[in-house]
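Q: Have a look at this one.
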Amino acid sequence: MPLVPSPTFTEQPRKMFEISTPCSGGLNLHDLPFKQEVDQSPTTLNMLYRNGVFGKRYGQANKTTFENTIYAVGEYGDDIFVHSGTKVYKGIDNPAEIASGIAEKKGIFINFNRNLYYICDKYYVYSKKKDTDVYEWKEVDPYVPDLVINRKPDGSYSDVIESYNMIGAGFKNTFHGDGTSVNYILTSKGDDLENTTPVVWFDVEDDDHKQPTTAYTFDKTNGKVTFNTAPASGTNNVIIKAFYSETKTKEYKDKIMASKYWINFGGNNNSRLFLAGGGESIYYYSEAFDASYFPENNYASIGNGESDITGFGEQYNVLIIFKPKEMFSLAYYVLEDGNTSVDTEEGKGAFTSQLVNAKIGCDCPYSIQLINNQLVWLSTDNGVCTLVSTNIEDERNVRLISRNINGGYRENGLLQEANLKEAVSIDWDNKYWLTINGKVYLWDYLLTPYANTGKLEQDAKRLAWYLFDNFFVTEYFKDGEKLLYYHGKNIVELNNSFNDFGQPIHAIYQTPLFQFENEAYLKNVHKIYVQCRADTSSKINMKYITNDNAAGEIENEPIFIGSKLWKTFKWSTFQWTQVSLAKVFMRKCALKKIEMAGVYFENNQLDCDMSISYLGFEFSVVKTIK
């Protein structure tokens, strides 16, 4: 029987393989380069989507340099406050000193009830002087609670109305004078009391406008005030302000003042200041709308006492309390006549907690942000997570969203970064900025919002993350619509330039390795079409990556674009030939008999963008792979 020759394979007509939105799926360190979505990238640096265009990230410039190290920055009203060295300044363009003698360590600025507070060993407030529009910086004057009223001189009866203030030594006892008694017995005595002589008012209705009397003696041992003349009979007409000893007050105050994290919470009106992170698994909260008063019962221990609270976040109408390996929710209730009702203005408030997740927590305190009404944070065990529900149910209320950038044994990524617990974050420009070791891992949640479809892998894979370098951030803050950060003595501002402190921004974008939907065939790639934004200067170097040449073949003809916009014009990037809006560049690449191919783009030129808005590959199928 004669042999029948096998049919020959004729090269097919040329086709176009197009990417209409390059890298809109962001960086992907998880999947192999040839298994990625066409809009993802195995390697991208200092690129992102801005105003719908894929190009270089924001530039950076020093805005202000202080004489000493910056320890904290706070925002209040339309002003920025900076703790640098031992001083606090108002403003960053022309800083004005408003305080000195501050401890040289990191503190926390707090906005609460129309005032700015600062905790840094001591407790400060910046607020208006009474009955004026003049602001002053001073130490907080702790509220002095009325522990009891309607008290008889011998202490045999009284009504308790307020609790001891954990951050202040002063307290009041208010008595009914009987006209005959000269001895008035306080609610505390002995070592619980300070040696300081009490302040006493009697025969008064308003202690704010009357001079105190000095016609008495004080017996600290027995907690007794003896008047030279018996106060007259009256209703709550004898007021004695005494002081607890440092031994009694120091323990509570030191723990509260050691707090690292704060949030305003109280149901729908955020009426109380919560503090935590002072070394124990305890949170403290103030009286309603009064940050100078932390009643002695306004605290609770939560979760495993061996690990401290690591931060707060508010989701819907509950407060989420983070710990390294667990999470809890706190709800606000108001007690009325023995019944419990939610979110009313009357009655005595109470808080109830419940477990949200017993396995996943947050050990990176400064990574917590509220993104699209869902809390987002970093865990060194899991990566970046989001909370999809505050109900514990089956503990599947936390979702991993940093799948694409976590890295692993093939590629280093977020979870291979050193000192992850020091990562800082901010929500700005509809993007989640997470920064550590000079790198920014950025999630564009406007471009790719998180959707909980129940398909965990796909939900995380579709999120667009980008990577920047040269961001050495101690803490971010905002000034109006601008994003700034401080590091060392410098305050740095992000801008629309294409340089970092006068130096080039190194930008990289590599496509996945495409098989052009013909995995079983060898292909020829004849031409590549690149559309670039043409109203900003640009120089783009190119390399062609194939399965046979991972290092890449350099394109000898880079893409050049001259600046047309005067606000970005620079002589260093001037060219005589200019185009508007966008231009498509064609390059012949002649990649023959390859299985897969991709393109590597790079720009490291001062004041140049690298904008790529479309890619097209003209290819043909050659033959089957044998």
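Labels for the structure tokens follow display order: chains A, B, ..., residues from 1 in each chain, ligands from 1.
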What residues in region 358-389 of chain A get the DSSP label strand (DSSP E)? Please answer as a ChimeraX atom specification.
A: /A:369-371,374-379,383-387
Q: Output N, CA, C and O atoms of each residue in that selection to a file, as an mmCIF file, in the first residue's frame.
A:
data_model
loop_
_atom_site.group_PDB
_atom_site.id
_atom_site.type_symbol
_atom_site.label_atom_id
_atom_site.label_comp_id
_atom_site.auth_asym_id
_atom_site.auth_seq_id
_atom_site.Cartn_x
_atom_site.Cartn_y
_atom_site.Cartn_z
ATOM 1 N N GLN A 369 -8.561 51.048 56.912
ATOM 2 C CA GLN A 369 -9.300 52.101 56.217
ATOM 3 C C GLN A 369 -10.711 51.607 55.922
ATOM 4 O O GLN A 369 -10.947 50.406 55.801
ATOM 5 N N LEU A 370 -11.633 52.547 55.805
ATOM 6 C CA LEU A 370 -12.999 52.217 55.387
ATOM 7 C C LEU A 370 -13.104 52.507 53.894
ATOM 8 O O LEU A 370 -13.036 53.658 53.467
ATOM 9 N N ILE A 371 -13.271 51.459 53.097
ATOM 10 C CA ILE A 371 -13.290 51.562 51.640
ATOM 11 C C ILE A 371 -14.652 51.105 51.134
ATOM 12 O O ILE A 371 -15.045 49.959 51.339
ATOM 13 N N GLN A 374 -16.811 49.332 53.532
ATOM 14 C CA GLN A 374 -16.312 48.082 54.085
ATOM 15 C C GLN A 374 -14.899 48.314 54.616
ATOM 16 O O GLN A 374 -14.075 48.941 53.946
ATOM 17 N N LEU A 375 -14.625 47.795 55.797
ATOM 18 C CA LEU A 375 -13.298 47.950 56.379
ATOM 19 C C LEU A 375 -12.282 47.115 55.612
ATOM 20 O O LEU A 375 -12.550 45.978 55.216
ATOM 21 N N VAL A 376 -11.109 47.704 55.425
ATOM 22 C CA VAL A 376 -9.989 47.046 54.744
ATOM 23 C C VAL A 376 -8.772 47.187 55.636
ATOM 24 O O VAL A 376 -8.544 48.243 56.226
ATOM 25 N N TRP A 377 -7.979 46.119 55.755
ATOM 26 C CA TRP A 377 -6.791 46.157 56.607
ATOM 27 C C TRP A 377 -5.802 45.082 56.166
ATOM 28 O O TRP A 377 -6.125 44.212 55.357
ATOM 29 N N LEU A 378 -4.606 45.159 56.728
ATOM 30 C CA LEU A 378 -3.548 44.205 56.410
ATOM 31 C C LEU A 378 -3.303 43.273 57.589
ATOM 32 O O LEU A 378 -3.214 43.712 58.732
ATOM 33 N N SER A 379 -3.190 42.000 57.303
ATOM 34 C CA SER A 379 -2.786 40.982 58.268
ATOM 35 C C SER A 379 -1.503 40.336 57.764
ATOM 36 O O SER A 379 -1.418 39.960 56.593
ATOM 37 N N GLY A 383 -2.588 38.798 54.392
ATOM 38 C CA GLY A 383 -2.549 39.837 53.382
ATOM 39 C C GLY A 383 -3.626 40.857 53.653
ATOM 40 O O GLY A 383 -4.125 40.998 54.775
ATOM 41 N N VAL A 384 -4.016 41.598 52.623
ATOM 42 C CA VAL A 384 -5.053 42.617 52.781
ATOM 43 C C VAL A 384 -6.418 41.944 52.763
ATOM 44 O O VAL A 384 -6.714 41.138 51.871
ATOM 45 N N CYS A 385 -7.240 42.301 53.755
ATOM 46 C CA CYS A 385 -8.550 41.678 53.921
ATOM 47 C C CYS A 385 -9.631 42.742 53.919
ATOM 48 O O CYS A 385 -9.373 43.924 54.135
ATOM 49 N N THR A 386 -10.866 42.302 53.713
ATOM 50 C CA THR A 386 -12.018 43.187 53.850
ATOM 51 C C THR A 386 -13.110 42.463 54.608
ATOM 52 O O THR A 386 -13.222 41.227 54.547
ATOM 53 N N LEU A 387 -13.907 43.238 55.330
ATOM 54 C CA LEU A 387 -14.985 42.685 56.144
ATOM 55 C C LEU A 387 -16.286 42.835 55.379
ATOM 56 O O LEU A 387 -16.746 43.946 55.126
#
Q: Skipping near chain neighbours, those fewer than 5 positions away, what residues fall within 8 Å of Leu494 (chain A) using only C-alpha atoms, listed as a ChimeraX atom specification?
A: /A:58-61,482-484
Q: Please produce a file of those selected residues containing N, CA and C atoms, as a PDB file, in the first residue's frame.
A:
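Ended up saving to out-v6.pdb:
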ATOM      1  N   TYR A  58       1.808  59.724  40.207  1.00  0.00           N
ATOM      2  CA  TYR A  58       2.067  61.075  40.682  1.00  0.00           C
ATOM      3  C   TYR A  58       3.554  61.262  40.991  1.00  0.00           C
ATOM      4  N   GLY A  59       4.025  62.490  40.830  1.00  0.00           N
ATOM      5  CA  GLY A  59       5.371  62.830  41.248  1.00  0.00           C
ATOM      6  C   GLY A  59       5.385  63.305  42.688  1.00  0.00           C
ATOM      7  N   GLN A  60       6.603  63.559  43.198  1.00  0.00           N
ATOM      8  CA  GLN A  60       6.765  63.973  44.582  1.00  0.00           C
ATOM      9  C   GLN A  60       7.717  65.168  44.658  1.00  0.00           C
ATOM     10  N   ALA A  61       7.434  66.033  45.635  1.00  0.00           N
ATOM     11  CA  ALA A  61       8.312  67.185  45.866  1.00  0.00           C
ATOM     12  C   ALA A  61       8.260  67.554  47.336  1.00  0.00           C
ATOM     13  N   LYS A 482      -5.313  67.588  48.524  1.00  0.00           N
ATOM     14  CA  LYS A 482      -3.942  67.154  48.265  1.00  0.00           C
ATOM     15  C   LYS A 482      -3.536  66.033  49.220  1.00  0.00           C
ATOM     16  N   LEU A 483      -2.688  65.146  48.722  1.00  0.00           N
ATOM     17  CA  LEU A 483      -2.123  64.086  49.551  1.00  0.00           C
ATOM     18  C   LEU A 483      -0.676  64.427  49.882  1.00  0.00           C
ATOM     19  N   LEU A 484      -0.341  64.351  51.167  1.00  0.00           N
ATOM     20  CA  LEU A 484       1.013  64.618  51.634  1.00  0.00           C
ATOM     21  C   LEU A 484       1.430  63.522  52.609  1.00  0.00           C
TER      22      LEU A 484
END
Q: Report as a VMD selection string all protein, DNA and RNA residues lying within 9 Å of Leu29 (chain A), evaluated on only C-alpha atoms, omitting residues in the same chain fewer than 2 positions from it.
A: chain A and resid 27 31 to 33 41 to 43 403 to 408 410 to 413
Q: What is the distance, in Å and to one decimal place, between CA of Leu186 (chain A) and CA of Gly223 (chain A)?
A: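 Spanning CA of Leu186 (chain A) to CA of Gly223 (chain A) is a straight-line distance of 5.3 Å.
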Q: How far is it from CA of Lys421 (chain A) to CA of Lys56 (chain A), in Å with one decimal?
A: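 Interatomic distance, CA of Lys421 (chain A) to CA of Lys56 (chain A): 28.3 Å.
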Q: Hey, which of A:Leu355, A:Met610, A:Glu595, A:Arg533 ends up closest to Ile625 (chain A)? Count only C-alpha atoms.
A: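 With only C-alpha atoms as the atom set, the closest residue is A:Glu595.
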Q: Choose the residue, out of A:Ala72, A:Ile368, A:Val318, A:Cys120, that has the smallest atom-to-atom separation from Ser353 (chain A); count only C-alpha atoms.
A: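 Of A:Ala72, A:Ile368, A:Val318, A:Cys120, the one nearest Ser353 (chain A) is A:Val318, counting only C-alpha atoms.
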Q: List the neighbours of Ser245 (chain A) out to 9 Å using only C-alpha atoms; skip same-chain residues closer than 2 positions along the sequence, and give me the result as JSON, numbers by chain.
A: {"A": [169, 191, 192, 193, 194, 195, 196, 243, 247, 248, 249, 250]}
Q: Which value, in Å to one decimal, gives the distance between CA of Glu519 (chain A) and CA of Asn549 (chain A)?
A: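 Between CA of Glu519 (chain A) and CA of Asn549 (chain A) the gap works out to 17.7 Å.
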Q: Do a neighbour search on Asp154 (chain A) at 12 Å with only C-alpha atoms, toss out local chain neighbours closer than 4 positions, and write the hits as a list in words.
A: Asn150, Ser158, Phe175, His176, Gly177, Asp178, Thr180, Ser181, Val182, Asn183, Tyr184, Ile185, Leu186, Thr187, Asn222, Gly223, Lys224, Val225 and Thr226 of chain A
Q: Restricting the calculation to only C-alpha atoms, which member of A:Glu37, A:Glu602, A:Asp427, A:Asp79 is positioned closest to Ile540 (chain A)?
A: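 Closest to Ile540 (chain A), using only C-alpha atoms: A:Glu602.
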Q: With DSSP run on the backbone, what are the alpha helix (DSSP H) residues within region 385-569 of chain A? I'd like them as a PyMOL selection string.
A: chain A and resi 456-461
Q: For Gly303 (chain A), which of A:Ala331, A:Gly361, A:Asn268, A:Glu481 is the closest residue, counting only C-alpha atoms?
A: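 Comparing A:Ala331, A:Gly361, A:Asn268, A:Glu481 against Gly303 (chain A), the winner is A:Gly361.
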Q: Go through A:Phe471, A:Tyr614, A:Lys461, A:Ile528 and flag the residue nearest Arg57 (chain A), using only C-alpha atoms for the distances.
A: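 Checking each candidate against Arg57 (chain A), we get A:Phe471 as the closest.
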